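Structure data follow from coords-v6.pdb (PDB, C-alpha atoms):
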```
ATOM      1  CA  MET A  25      47.152 159.721 105.420
ATOM      2  CA  ASN A  26      46.173 156.080 105.475
ATOM      3  CA  THR A  27      47.060 155.765 101.790
ATOM      4  CA  GLU A  28      50.535 157.168 102.464
ATOM      5  CA  ASN A  29      51.032 154.736 105.359
ATOM      6  CA  ILE A  30      49.994 151.860 103.154
ATOM      7  CA  LEU A  31      52.428 152.951 100.454
ATOM      8  CA  ILE A  32      55.246 153.283 103.004
ATOM      9  CA  LYS A  33      54.537 149.831 104.426
ATOM     10  CA  THR A  34      54.371 148.350 100.943
ATOM     11  CA  ASP A  35      57.716 149.906 100.076
ATOM     12  CA  SER A  36      59.169 148.583 103.331
ATOM     13  CA  LEU A  37      57.917 145.066 102.648
ATOM     14  CA  GLU A  38      59.281 145.182  99.124
ATOM     15  CA  SER A  39      62.677 146.367 100.344
ATOM     16  CA  ILE A  40      62.739 143.666 103.020
ATOM     17  CA  ALA A  41      61.782 141.025 100.485
ATOM     18  CA  THR A  42      64.415 142.333  98.077
ATOM     19  CA  SER A  43      67.072 142.323 100.798
ATOM     20  CA  LEU A  44      66.021 138.852 101.951
ATOM     21  CA  GLY A  45      66.096 137.577  98.386
ATOM     22  CA  GLN A  46      69.515 139.114  97.860
ATOM     23  CA  MET A  47      70.762 137.481 101.083
ATOM     24  CA  ILE A  48      69.404 134.109  99.980
ATOM     25  CA  VAL A  49      71.028 134.496  96.571
ATOM     26  CA  ASN A  50      74.348 135.521  98.143
ATOM     27  CA  PHE A  51      74.250 132.705 100.696
ATOM     28  CA  GLY A  52      73.223 130.234  98.004
ATOM     29  CA  SER A  53      76.134 131.253  95.807
ATOM     30  CA  LYS A  54      78.476 130.997  98.779
ATOM     31  CA  LEU A  55      77.046 127.586  99.688
ATOM     32  CA  ILE A  56      77.482 126.300  96.138
ATOM     33  CA  SER A  57      81.031 127.684  96.083
ATOM     34  CA  ALA A  58      81.744 126.018  99.445
ATOM     35  CA  ILE A  59      80.435 122.642  98.208
ATOM     36  CA  LEU A  60      82.563 122.905  95.056
ATOM     37  CA  ILE A  61      85.604 123.881  97.120
ATOM     38  CA  LEU A  62      84.967 120.946  99.478
ATOM     39  CA  ILE A  63      84.748 118.441  96.607
ATOM     40  CA  PHE A  64      87.766 119.890  94.803
ATOM     41  CA  GLY A  65      89.737 120.274  98.053
ATOM     42  CA  ILE A  66      89.263 116.649  99.095
ATOM     43  CA  TRP A  67      90.171 115.515  95.572
ATOM     44  CA  LEU A  68      93.258 117.730  95.601
ATOM     45  CA  ALA A  69      94.257 116.544  99.105
ATOM     46  CA  ASN A  70      94.079 112.904  97.980
ATOM     47  CA  LYS A  71      95.981 113.772  94.790
ATOM     48  CA  LEU A  72      98.733 115.548  96.731
ATOM     49  CA  THR A  73      98.915 112.684  99.222
ATOM     50  CA  ASN A  74      99.326 110.130  96.416
ATOM     51  CA  GLY A  75     101.975 112.332  94.788
ATOM     52  CA  LEU A  76     103.805 112.614  98.095
ATOM     53  CA  LYS A  77     103.623 108.839  98.493
ATOM     54  CA  ARG A  78     105.217 108.304  95.073
ATOM     55  CA  LEU A  79     107.902 110.882  95.866
ATOM     56  CA  LEU A  80     108.788 109.174  99.163
ATOM     57  CA  GLU A  81     108.911 105.798  97.413
ATOM     58  CA  GLN A  82     111.245 107.213  94.744
ATOM     59  CA  ARG A  83     113.489 108.667  97.450
ATOM     60  CA  LYS A  84     113.420 105.218  99.133
ATOM     61  CA  ILE A  85     112.226 106.624 102.450
ATOM     62  CA  GLU A  86     111.636 103.921 105.050
ATOM     63  CA  GLY A  87     108.172 102.352 104.708
ATOM     64  CA  SER A  88     107.139 102.906 108.325
ATOM     65  CA  LEU A  89     107.978 106.627 108.071
ATOM     66  CA  GLN A  90     106.132 106.846 104.756
ATOM     67  CA  SER A  91     102.832 105.487 106.083
ATOM     68  CA  PHE A  92     102.936 107.658 109.220
ATOM     69  CA  PHE A  93     103.887 110.866 107.395
ATOM     70  CA  ILE A  94     101.333 110.333 104.605
ATOM     71  CA  SER A  95      98.551 109.677 107.121
ATOM     72  CA  PHE A  96      99.422 112.860 109.035
ATOM     73  CA  ILE A  97      99.625 115.050 105.904
ATOM     74  CA  ASN A  98      96.334 113.708 104.553
ATOM     75  CA  ILE A  99      94.479 114.604 107.762
ATOM     76  CA  LEU A 100      96.131 118.045 107.909
ATOM     77  CA  LEU A 101      95.197 118.863 104.303
ATOM     78  CA  LYS A 102      91.568 117.913 104.873
ATOM     79  CA  ILE A 103      91.410 120.121 107.977
ATOM     80  CA  LEU A 104      92.686 123.041 105.851
ATOM     81  CA  VAL A 105      89.998 122.297 103.257
ATOM     82  CA  VAL A 106      87.300 122.475 105.943
ATOM     83  CA  ILE A 107      88.668 125.832 107.175
ATOM     84  CA  VAL A 108      88.581 127.258 103.633
ATOM     85  CA  VAL A 109      84.995 126.007 103.213
ATOM     86  CA  LEU A 110      83.918 127.712 106.453
ATOM     87  CA  THR A 111      85.523 131.027 105.458
ATOM     88  CA  THR A 112      83.818 130.806 102.061
ATOM     89  CA  ILE A 113      80.420 130.504 103.713
ATOM     90  CA  GLY A 114      81.191 133.612 105.700
ATOM     91  CA  VAL A 115      82.535 132.419 109.004
ATOM     92  CA  HIS A 116      85.268 134.796 110.219
ATOM     93  CA  MET A 117      88.769 133.407 110.777
ATOM     94  CA  THR A 118      88.837 134.705 114.355
ATOM     95  CA  SER A 119      85.685 132.712 115.083
ATOM     96  CA  ILE A 120      87.217 129.642 113.485
ATOM     97  CA  ILE A 121      90.379 130.017 115.570
ATOM     98  CA  ALA A 122      88.319 130.439 118.738
ATOM     99  CA  VAL A 123      86.200 127.394 117.915
ATOM    100  CA  LEU A 124      89.284 125.332 117.019
ATOM    101  CA  GLY A 125      90.933 126.341 120.295
ATOM    102  CA  ALA A 126      87.917 125.345 122.361
ATOM    103  CA  ALA A 127      87.382 122.203 120.299
ATOM    104  CA  SER A 128      91.028 121.169 120.566
ATOM    105  CA  LEU A 129      90.862 121.534 124.351
ATOM    106  CA  ALA A 130      87.674 119.497 124.581
ATOM    107  CA  ILE A 131      88.889 116.900 122.116
ATOM    108  CA  GLY A 132      92.256 116.722 123.855
ATOM    109  CA  MET A 133      90.559 115.933 127.163
ATOM    110  CA  ALA A 134      88.108 113.468 125.609
ATOM    111  CA  LEU A 135      90.668 111.750 123.395
ATOM    112  CA  SER A 136      93.673 111.740 125.690
ATOM    113  CA  GLY A 137      94.223 108.059 124.951
ATOM    114  CA  THR A 138      94.097 108.680 121.202
ATOM    115  CA  LEU A 139      96.623 111.488 121.473
ATOM    116  CA  GLN A 140      98.852 109.105 123.400
ATOM    117  CA  ASN A 141      98.719 106.845 120.344
ATOM    118  CA  VAL A 142      99.963 109.738 118.169
ATOM    119  CA  ALA A 143     102.854 110.436 120.559
ATOM    120  CA  ALA A 144     103.608 106.706 120.734
ATOM    121  CA  GLY A 145     103.670 106.508 116.923
ATOM    122  CA  ILE A 146     106.261 109.308 116.832
ATOM    123  CA  ILE A 147     108.344 107.486 119.455
ATOM    124  CA  ILE A 148     108.187 104.255 117.424
ATOM    125  CA  LEU A 149     109.399 106.100 114.317
ATOM    126  CA  MET A 150     112.185 107.851 116.220
ATOM    127  CA  PHE A 151     113.637 104.890 118.114
ATOM    128  CA  LYS A 152     112.588 102.199 115.595
ATOM    129  CA  PRO A 153     112.015  99.124 117.792
ATOM    130  CA  PHE A 154     110.480  97.698 114.610
ATOM    131  CA  LYS A 155     109.776  98.825 111.049
ATOM    132  CA  VAL A 156     107.527  97.828 108.175
ATOM    133  CA  GLY A 157     108.315  94.260 107.105
ATOM    134  CA  ASP A 158     109.599  93.108 110.517
ATOM    135  CA  VAL A 159     108.109  90.093 112.271
ATOM    136  CA  ILE A 160     107.196  91.033 115.828
ATOM    137  CA  GLU A 161     105.691  89.247 118.807
ATOM    138  CA  ILE A 162     103.525  91.198 121.263
ATOM    139  CA  SER A 163     103.584  90.559 125.018
ATOM    140  CA  THR A 164      99.963  89.387 124.750
ATOM    141  CA  GLY A 165     101.023  86.532 122.481
ATOM    142  CA  GLU A 166     100.080  87.796 119.020
ATOM    143  CA  SER A 167     102.725  87.777 116.314
ATOM    144  CA  GLY A 168     102.895  88.747 112.660
ATOM    145  CA  VAL A 169     104.411  90.975 109.992
ATOM    146  CA  VAL A 170     104.251  94.771 110.385
ATOM    147  CA  LYS A 171     102.422  96.202 107.348
ATOM    148  CA  LYS A 172     101.841  99.866 108.252
ATOM    149  CA  ILE A 173     102.687 102.294 111.054
ATOM    150  CA  MET A 174      99.936 104.916 110.972
ATOM    151  CA  LEU A 175      98.968 107.977 112.992
ATOM    152  CA  PHE A 176      97.011 106.105 115.661
ATOM    153  CA  THR A 177      97.546 102.390 115.035
ATOM    154  CA  THR A 178     100.009  99.855 113.645
ATOM    155  CA  GLU A 179      98.731  97.263 111.165
ATOM    156  CA  VAL A 180     100.059  93.725 111.693
ATOM    157  CA  GLN A 181      99.253  90.744 109.472
ATOM    158  CA  THR A 182      99.276  87.478 111.437
ATOM    159  CA  PHE A 183     100.592  84.213 110.019
ATOM    160  CA  ASP A 184      97.037  82.917 109.528
ATOM    161  CA  ASN A 185      96.356  85.992 107.319
ATOM    162  CA  GLN A 186      94.359  88.046 109.812
ATOM    163  CA  VAL A 187      94.879  91.811 109.888
ATOM    164  CA  VAL A 188      95.148  93.224 113.428
ATOM    165  CA  PHE A 189      95.340  96.927 114.305
ATOM    166  CA  PHE A 190      97.272  97.600 117.530
ATOM    167  CA  PRO A 191      97.090 101.004 119.252
ATOM    168  CA  ASN A 192     100.519 102.622 119.050
ATOM    169  CA  SER A 193     100.536 103.292 122.801
ATOM    170  CA  SER A 194     100.217  99.577 123.611
ATOM    171  CA  LEU A 195     103.215  98.812 121.382
ATOM    172  CA  ALA A 196     105.356 101.695 122.659
ATOM    173  CA  ASN A 197     104.661 100.867 126.313
ATOM    174  CA  GLY A 198     104.586  97.070 126.037
ATOM    175  CA  VAL A 199     107.205  94.368 125.548
ATOM    176  CA  ILE A 200     107.893  93.758 121.846
ATOM    177  CA  THR A 201     110.044  90.914 120.552
ATOM    178  CA  ASN A 202     111.466  91.761 117.126
ATOM    179  CA  LEU A 203     112.027  88.361 115.537
ATOM    180  CA  SER A 204     113.556  89.865 112.384
ATOM    181  CA  ARG A 205     116.249  91.896 114.120
ATOM    182  CA  GLY A 206     119.721  90.374 113.990
ATOM    183  CA  GLY A 207     119.214  88.127 110.972
ATOM    184  CA  LEU A 208     120.729  84.942 112.453
ATOM    185  CA  ARG A 209     118.837  82.580 114.732
ATOM    186  CA  ARG A 210     119.909  79.695 116.941
ATOM    187  CA  THR A 211     117.766  76.579 117.188
ATOM    188  CA  ASP A 212     117.926  73.904 119.897
ATOM    189  CA  LEU A 213     116.313  70.606 118.918
ATOM    190  CA  LYS A 214     115.665  68.084 121.675
ATOM    191  CA  ILE A 215     115.473  64.366 120.938
ATOM    192  CA  GLY A 216     115.386  61.398 123.261
ATOM    193  CA  ILE A 217     117.358  58.166 122.762
ATOM    194  CA  SER A 218     117.176  54.896 124.685
ATOM    195  CA  TYR A 219     119.455  54.218 127.611
ATOM    196  CA  GLY A 220     122.391  52.063 126.532
ATOM    197  CA  THR A 221     122.748  53.754 123.145
ATOM    198  CA  LYS A 222     126.287  54.906 122.367
ATOM    199  CA  ILE A 223     126.402  58.712 122.442
ATOM    200  CA  GLU A 224     129.312  58.935 119.994
ATOM    201  CA  THR A 225     127.436  56.857 117.432
ATOM    202  CA  VAL A 226     124.390  59.097 117.699
ATOM    203  CA  ARG A 227     126.568  62.226 117.501
ATOM    204  CA  LYS A 228     128.276  60.963 114.347
ATOM    205  CA  ILE A 229     124.946  60.196 112.638
ATOM    206  CA  LEU A 230     123.439  63.559 113.576
ATOM    207  CA  LEU A 231     126.499  65.510 112.427
ATOM    208  CA  GLY A 232     126.282  63.702 109.100
ATOM    209  CA  ILE A 233     122.641  64.774 108.746
ATOM    210  CA  LEU A 234     123.492  68.380 109.641
ATOM    211  CA  SER A 235     126.417  68.519 107.211
ATOM    212  CA  LYS A 236     124.055  67.779 104.303
ATOM    213  CA  GLU A 237     121.828  70.768 105.140
ATOM    214  CA  LYS A 238     123.261  73.717 103.183
ATOM    215  CA  ARG A 239     121.162  76.316 105.022
ATOM    216  CA  ILE A 240     122.890  75.633 108.349
ATOM    217  CA  LEU A 241     125.614  78.245 108.833
ATOM    218  CA  LYS A 242     129.160  76.918 108.919
ATOM    219  CA  ASN A 243     130.613  79.928 110.751
ATOM    220  CA  ASN A 244     129.016  78.586 113.945
ATOM    221  CA  PRO A 245     129.565  74.819 113.821
ATOM    222  CA  PRO A 246     126.626  72.713 115.077
ATOM    223  CA  GLU A 247     126.850  71.282 118.592
ATOM    224  CA  ILE A 248     125.442  67.988 119.879
ATOM    225  CA  PHE A 249     125.530  67.208 123.581
ATOM    226  CA  VAL A 250     123.656  65.426 126.359
ATOM    227  CA  ASN A 251     121.244  67.792 128.055
ATOM    228  CA  ASP A 252     119.449  65.588 130.586
ATOM    229  CA  LEU A 253     118.930  62.062 131.838
ATOM    230  CA  GLY A 254     115.176  61.678 131.761
ATOM    231  CA  ASP A 255     112.940  59.035 133.256
ATOM    232  CA  ASN A 256     112.690  57.110 130.018
ATOM    233  CA  ALA A 257     115.341  58.582 127.711
ATOM    234  CA  VAL A 258     118.677  60.334 127.391
ATOM    235  CA  ILE A 259     117.901  63.854 126.130
ATOM    236  CA  ILE A 260     120.180  65.087 123.343
ATOM    237  CA  ILE A 261     120.410  68.733 122.262
ATOM    238  CA  ILE A 262     121.128  69.531 118.603
ATOM    239  CA  ARG A 263     122.202  73.186 118.380
ATOM    240  CA  TYR A 264     122.754  75.021 115.094
ATOM    241  CA  TRP A 265     122.423  78.476 113.483
ATOM    242  CA  THR A 266     120.465  79.566 110.391
ATOM    243  CA  LYS A 267     119.155  82.725 108.798
ATOM    244  CA  TYR A 268     115.816  83.821 110.220
ATOM    245  CA  GLU A 269     113.902  83.147 107.006
ATOM    246  CA  ASP A 270     115.169  79.532 107.002
ATOM    247  CA  LEU A 271     114.368  78.882 110.662
ATOM    248  CA  GLN A 272     111.107  76.946 110.435
ATOM    249  CA  SER A 273     111.758  75.078 107.183
ATOM    250  CA  VAL A 274     115.162  73.783 108.330
ATOM    251  CA  LYS A 275     113.747  72.679 111.681
ATOM    252  CA  SER A 276     110.857  70.767 110.091
ATOM    253  CA  GLU A 277     113.045  69.017 107.532
ATOM    254  CA  LEU A 278     115.690  68.068 110.108
ATOM    255  CA  LEU A 279     113.108  66.563 112.431
ATOM    256  CA  GLU A 280     111.664  64.492 109.600
ATOM    257  CA  THR A 281     115.120  63.294 108.496
ATOM    258  CA  ILE A 282     116.154  62.396 112.052
ATOM    259  CA  TYR A 283     112.885  60.523 112.595
ATOM    260  CA  LYS A 284     113.585  58.406 109.503
ATOM    261  CA  GLU A 285     117.368  58.041 109.851
ATOM    262  CA  LEU A 286     117.865  56.984 113.483
ATOM    263  CA  PRO A 287     115.466  53.995 113.470
ATOM    264  CA  ALA A 288     117.080  52.882 110.192
ATOM    265  CA  ARG A 289     120.399  52.780 112.126
ATOM    266  CA  LYS A 290     118.795  50.696 114.913
ATOM    267  CA  ILE A 291     118.569  53.684 117.256
ATOM    268  CA  ASN A 292     115.089  53.883 118.716
ATOM    269  CA  PHE A 293     113.123  56.693 120.290
ATOM    270  CA  PRO A 294     111.885  55.553 123.707
ATOM    271  CA  PHE A 295     108.377  56.279 124.876
ATOM    272  CA  GLN A 296     106.987  56.555 128.342
ATOM    273  CA  GLN A 297     106.258  53.204 129.948
ATOM    274  CA  VAL A 298     104.269  52.374 133.037
ATOM    275  CA  ASP A 299     104.878  49.096 134.865
ATOM    276  CA  VAL A 300     101.829  47.771 136.644
ATOM    277  CA  ARG A 301     102.230  44.997 139.217
ATOM    278  CA  LEU A 302      99.288  43.095 140.488
ATOM    279  CA  LEU A 303      99.564  41.884 144.057
ATOM    280  CA  LYS A 304      97.818  38.643 144.894
TER     281      LYS A 304
END
```
Let me see the structure of the file written as structure tokens.
Amino acid sequence: MNTENILIKTDSLESIATSLGQMIVNFGSKLISAILILIFGIWLANKLTNGLKRLLEQRKIEGSLQSFFISFINILLKILVVIVVLTTIGVHMTSIIAVLGAASLAIGMALSGTLQNVAAGIIILMFKPFKVGDVIEISTGESGVVKKIMLFTTEVQTFDNQVVFFPNSSLANGVITNLSRGGLRRTDLKIGISYGTKIETVRKILLGILSKEKRILKNNPPEIFVNDLGDNAVIIIIRYWTKYEDLQSVKSELLETIYKELPARKINFPFQQVDVRLLK
């Protein structure tokens, strides 16, 4: 009787060991398959994303829409890869759906601000207050060129070559000045001349300087007029129009030319003076 019990127990242990070994082998094969699927899936997702990027570029889709759409598709494809990996291991789809539902609720509550950035990015792409390549100025004072509009953030390169990432919600809800919109820009230069100087003479000299600058638009003729009578000078406004890309260069060159030309014509720039009287 004892011998039979021992034989039965031995058979039971062997069957358990065999079953356990078979389970380990099955799980190991599934795990290896899942790892291979993960590696191949991520590679394929990146490959499809790059192909989609080239397709959008060939179709000449707007750059801001390209970056946002590509970012969204890339994240979606990688989520699908993870789901396939989990099902390969043996996790049931119903369990995955239940976990995703609970996780999405928890993540939605924890990342409410991040989800606002996604909604704000969609709003930016729909109403287009700016696009890739535009020069914008933020209400906080930063300004630069828009490089990418992504799922959560917008990449802006400042004029001193820094790369700043702004949350989409701050851009959608804040005040944005689009310096590129419109194309034409008006500039008002202020200069001061000494009291007693003939205004017509100064106007004639300045108009001659402006006429030599080819980048000043002729459709809107330049204007020169007295703006104020200051404490030490008569303030003259020089008003003209240029294309946006010529704005800063024209202004700098005009100021340099005026600084050289007026003194050569015996027209001086006054400076602030303080009279001090000593009482005995």
Q) In Å to one decimal, how far is atom CA of Gly168 of chain A from atom CA of Val188 of chain A? A)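 It comes out at 9.0 Å.
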Hey, what's within 10 Å of segment 228-237 of chain A if we count all atoms listed in the file and toss same-chain stuff fewer than 5 positions away? As a PDB file with C-alpha atoms, in the frame of the given file, please?
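What ended up in selection_3.pdb:
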```pdb
ATOM      1  CA  ILE A 223     126.402  58.712 122.442  1.00  0.00           C
ATOM      2  CA  LYS A 242     129.160  76.918 108.919  1.00  0.00           C
ATOM      3  CA  PRO A 245     129.565  74.819 113.821  1.00  0.00           C
ATOM      4  CA  PRO A 246     126.626  72.713 115.077  1.00  0.00           C
ATOM      5  CA  GLU A 247     126.850  71.282 118.592  1.00  0.00           C
ATOM      6  CA  ILE A 248     125.442  67.988 119.879  1.00  0.00           C
ATOM      7  CA  ILE A 262     121.128  69.531 118.603  1.00  0.00           C
ATOM      8  CA  TYR A 264     122.754  75.021 115.094  1.00  0.00           C
ATOM      9  CA  VAL A 274     115.162  73.783 108.330  1.00  0.00           C
ATOM     10  CA  GLU A 277     113.045  69.017 107.532  1.00  0.00           C
ATOM     11  CA  LEU A 278     115.690  68.068 110.108  1.00  0.00           C
ATOM     12  CA  THR A 281     115.120  63.294 108.496  1.00  0.00           C
ATOM     13  CA  ILE A 282     116.154  62.396 112.052  1.00  0.00           C
ATOM     14  CA  GLU A 285     117.368  58.041 109.851  1.00  0.00           C
ATOM     15  CA  LEU A 286     117.865  56.984 113.483  1.00  0.00           C
ATOM     16  CA  ARG A 289     120.399  52.780 112.126  1.00  0.00           C
TER      17      ARG A 289
END
```
Q | Of the listed residues A:Ile160, A:Phe151, A:Arg227, A:Val142, that which approaches Asn192 of chain A most closely, counting only C-alpha atoms | A | A:Val142
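Here atom CA of Phe183 of chain A stands at a distance of 11.2 Å from atom CA of Val170 of chain A.
The shell of residues at most 8 Å from Arg209 of chain A, with only C-alpha atoms counted and near chain neighbours (fewer than 3 positions) removed, consists of Gly206, Trp265, Thr266, Lys267, Tyr268 and Leu271 of chain A.
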Q | For atom CA of Met150 of chain A and atom CA of Leu208 of chain A, the interatomic separation in Å (one decimal) | A |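 Rounded to one decimal, the two atoms are 24.7 Å apart.
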(Q) Please list, as number ranges by chain, the residues that have an atom at most 8 Å away from (105.7, 97.8, 110.4) in the coordinates of this file, counting all atoms listed in the file. (A) A: 87-88, 154-158, 169-173, 178-180
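With all atoms listed in the file as the basis for measurement, A:Asn98 is the residue among A:Asn98, A:Gly52, A:Phe93, A:Gln272 that approaches Asn70 of chain A most closely.
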Which centre and which edge lengths, in Å to one decimal, describe the axis-aligned box that holds all listed atoms of segment 164-170 of chain A after 5 Å is added on each side, as AutoDock Vina command-line options?
```
--center_x 102.2 --center_y 90.7 --center_z 117.4 --size_x 14.4 --size_y 18.2 --size_z 24.8
```
(Q) Taking the file as I've supplied it (selection: the PyMOL selection byres ((chain A and resi 216-221) around 10)), which residues are included? Please answer as a list of chain:residue names. (A) A:Lys214, A:Ile215, A:Lys222, A:Ile223, A:Glu224, A:Thr225, A:Val226, A:Val250, A:Asn251, A:Asp252, A:Leu253, A:Gly254, A:Asp255, A:Asn256, A:Ala257, A:Val258, A:Ile259, A:Ile260, A:Ile261, A:Leu286, A:Lys290, A:Ile291, A:Asn292, A:Phe293, A:Pro294, A:Phe295
Q. So, counting all atoms listed in the file, which residue among A:Thr182, A:Thr177, A:Arg239, A:Leu149 is closest to Gly165 of chain A?
A.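 For Gly165 of chain A, the nearest of the candidates is A:Thr182.
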Applying 12 Å and all atoms listed in the file, which residues near Ile63 of chain A remain after dropping the ones on its own chain fewer than 5 positions away? List them as a PDB file with C-alpha atoms, keeping the file's coordinate frame.
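Output (around10.pdb):
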```pdb
ATOM      1  CA  ILE A  56      77.482 126.300  96.138  1.00  0.00           C
ATOM      2  CA  SER A  57      81.031 127.684  96.083  1.00  0.00           C
ATOM      3  CA  ALA A  58      81.744 126.018  99.445  1.00  0.00           C
ATOM      4  CA  LEU A  68      93.258 117.730  95.601  1.00  0.00           C
ATOM      5  CA  ALA A  69      94.257 116.544  99.105  1.00  0.00           C
ATOM      6  CA  ASN A  70      94.079 112.904  97.980  1.00  0.00           C
ATOM      7  CA  LYS A 102      91.568 117.913 104.873  1.00  0.00           C
ATOM      8  CA  VAL A 105      89.998 122.297 103.257  1.00  0.00           C
ATOM      9  CA  VAL A 106      87.300 122.475 105.943  1.00  0.00           C
ATOM     10  CA  VAL A 108      88.581 127.258 103.633  1.00  0.00           C
ATOM     11  CA  VAL A 109      84.995 126.007 103.213  1.00  0.00           C
TER      12      VAL A 109
END
```
Q) Looking at A:Val187, A:Ile66, A:Ala196, A:Leu139, which one is nearest to Ile99 of chain A, with distances taken over only C-alpha atoms? A)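 That would be A:Ile66, the residue with the smallest distance to Ile99 of chain A.
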Q.
Counting all atoms listed in the file, which residue out of A:Ile103, A:Val159, A:Met174, A:Leu241 sits closest to Arg205 of chain A?
A.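 Among A:Ile103, A:Val159, A:Met174, A:Leu241, it is A:Val159 that comes nearest to Arg205 of chain A.
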Can you fill out segment 92-104 of chain A with N, CA, C and O atoms and hand it back as a short mmCIF file (atom, residue, chain, number, x, y, z; two decimals), keeping the file's coordinate frame?
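File written: part.cif
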```
data_model
loop_
_atom_site.label_atom_id
_atom_site.label_comp_id
_atom_site.auth_asym_id
_atom_site.auth_seq_id
_atom_site.Cartn_x
_atom_site.Cartn_y
_atom_site.Cartn_z
N PHE A 92 103.28 106.72 108.14
CA PHE A 92 102.94 107.66 109.22
C PHE A 92 102.85 109.08 108.69
O PHE A 92 101.89 109.81 108.96
N PHE A 93 103.83 109.50 107.91
CA PHE A 93 103.89 110.87 107.40
C PHE A 93 102.73 111.14 106.43
O PHE A 93 102.10 112.20 106.48
N ILE A 94 102.42 110.17 105.56
CA ILE A 94 101.33 110.33 104.60
C ILE A 94 99.99 110.44 105.33
O ILE A 94 99.13 111.26 104.98
N SER A 95 99.79 109.62 106.34
CA SER A 95 98.55 109.68 107.12
C SER A 95 98.39 111.03 107.79
O SER A 95 97.31 111.63 107.78
N PHE A 96 99.47 111.56 108.36
CA PHE A 96 99.42 112.86 109.04
C PHE A 96 99.13 113.98 108.05
O PHE A 96 98.29 114.86 108.31
N ILE A 97 99.81 113.99 106.90
CA ILE A 97 99.62 115.05 105.90
C ILE A 97 98.21 115.01 105.34
O ILE A 97 97.59 116.07 105.12
N ASN A 98 97.67 113.83 105.11
CA ASN A 98 96.33 113.71 104.55
C ASN A 98 95.29 114.31 105.49
O ASN A 98 94.40 115.05 105.05
N ILE A 99 95.41 114.02 106.78
CA ILE A 99 94.48 114.60 107.76
C ILE A 99 94.64 116.12 107.84
O ILE A 99 93.66 116.87 107.89
N LEU A 100 95.87 116.60 107.83
CA LEU A 100 96.13 118.04 107.91
C LEU A 100 95.56 118.78 106.70
O LEU A 100 94.93 119.84 106.85
N LEU A 101 95.72 118.22 105.51
CA LEU A 101 95.20 118.86 104.30
C LEU A 101 93.67 118.94 104.34
O LEU A 101 93.08 119.96 103.94
N LYS A 102 93.03 117.91 104.83
CA LYS A 102 91.57 117.91 104.87
C LYS A 102 91.05 118.90 105.92
O LYS A 102 89.98 119.50 105.75
N ILE A 103 91.79 119.09 107.00
CA ILE A 103 91.41 120.12 107.98
C ILE A 103 91.50 121.50 107.34
O ILE A 103 90.62 122.36 107.54
N LEU A 104 92.54 121.75 106.55
CA LEU A 104 92.69 123.04 105.85
C LEU A 104 91.55 123.26 104.86
O LEU A 104 91.05 124.39 104.71
#
```
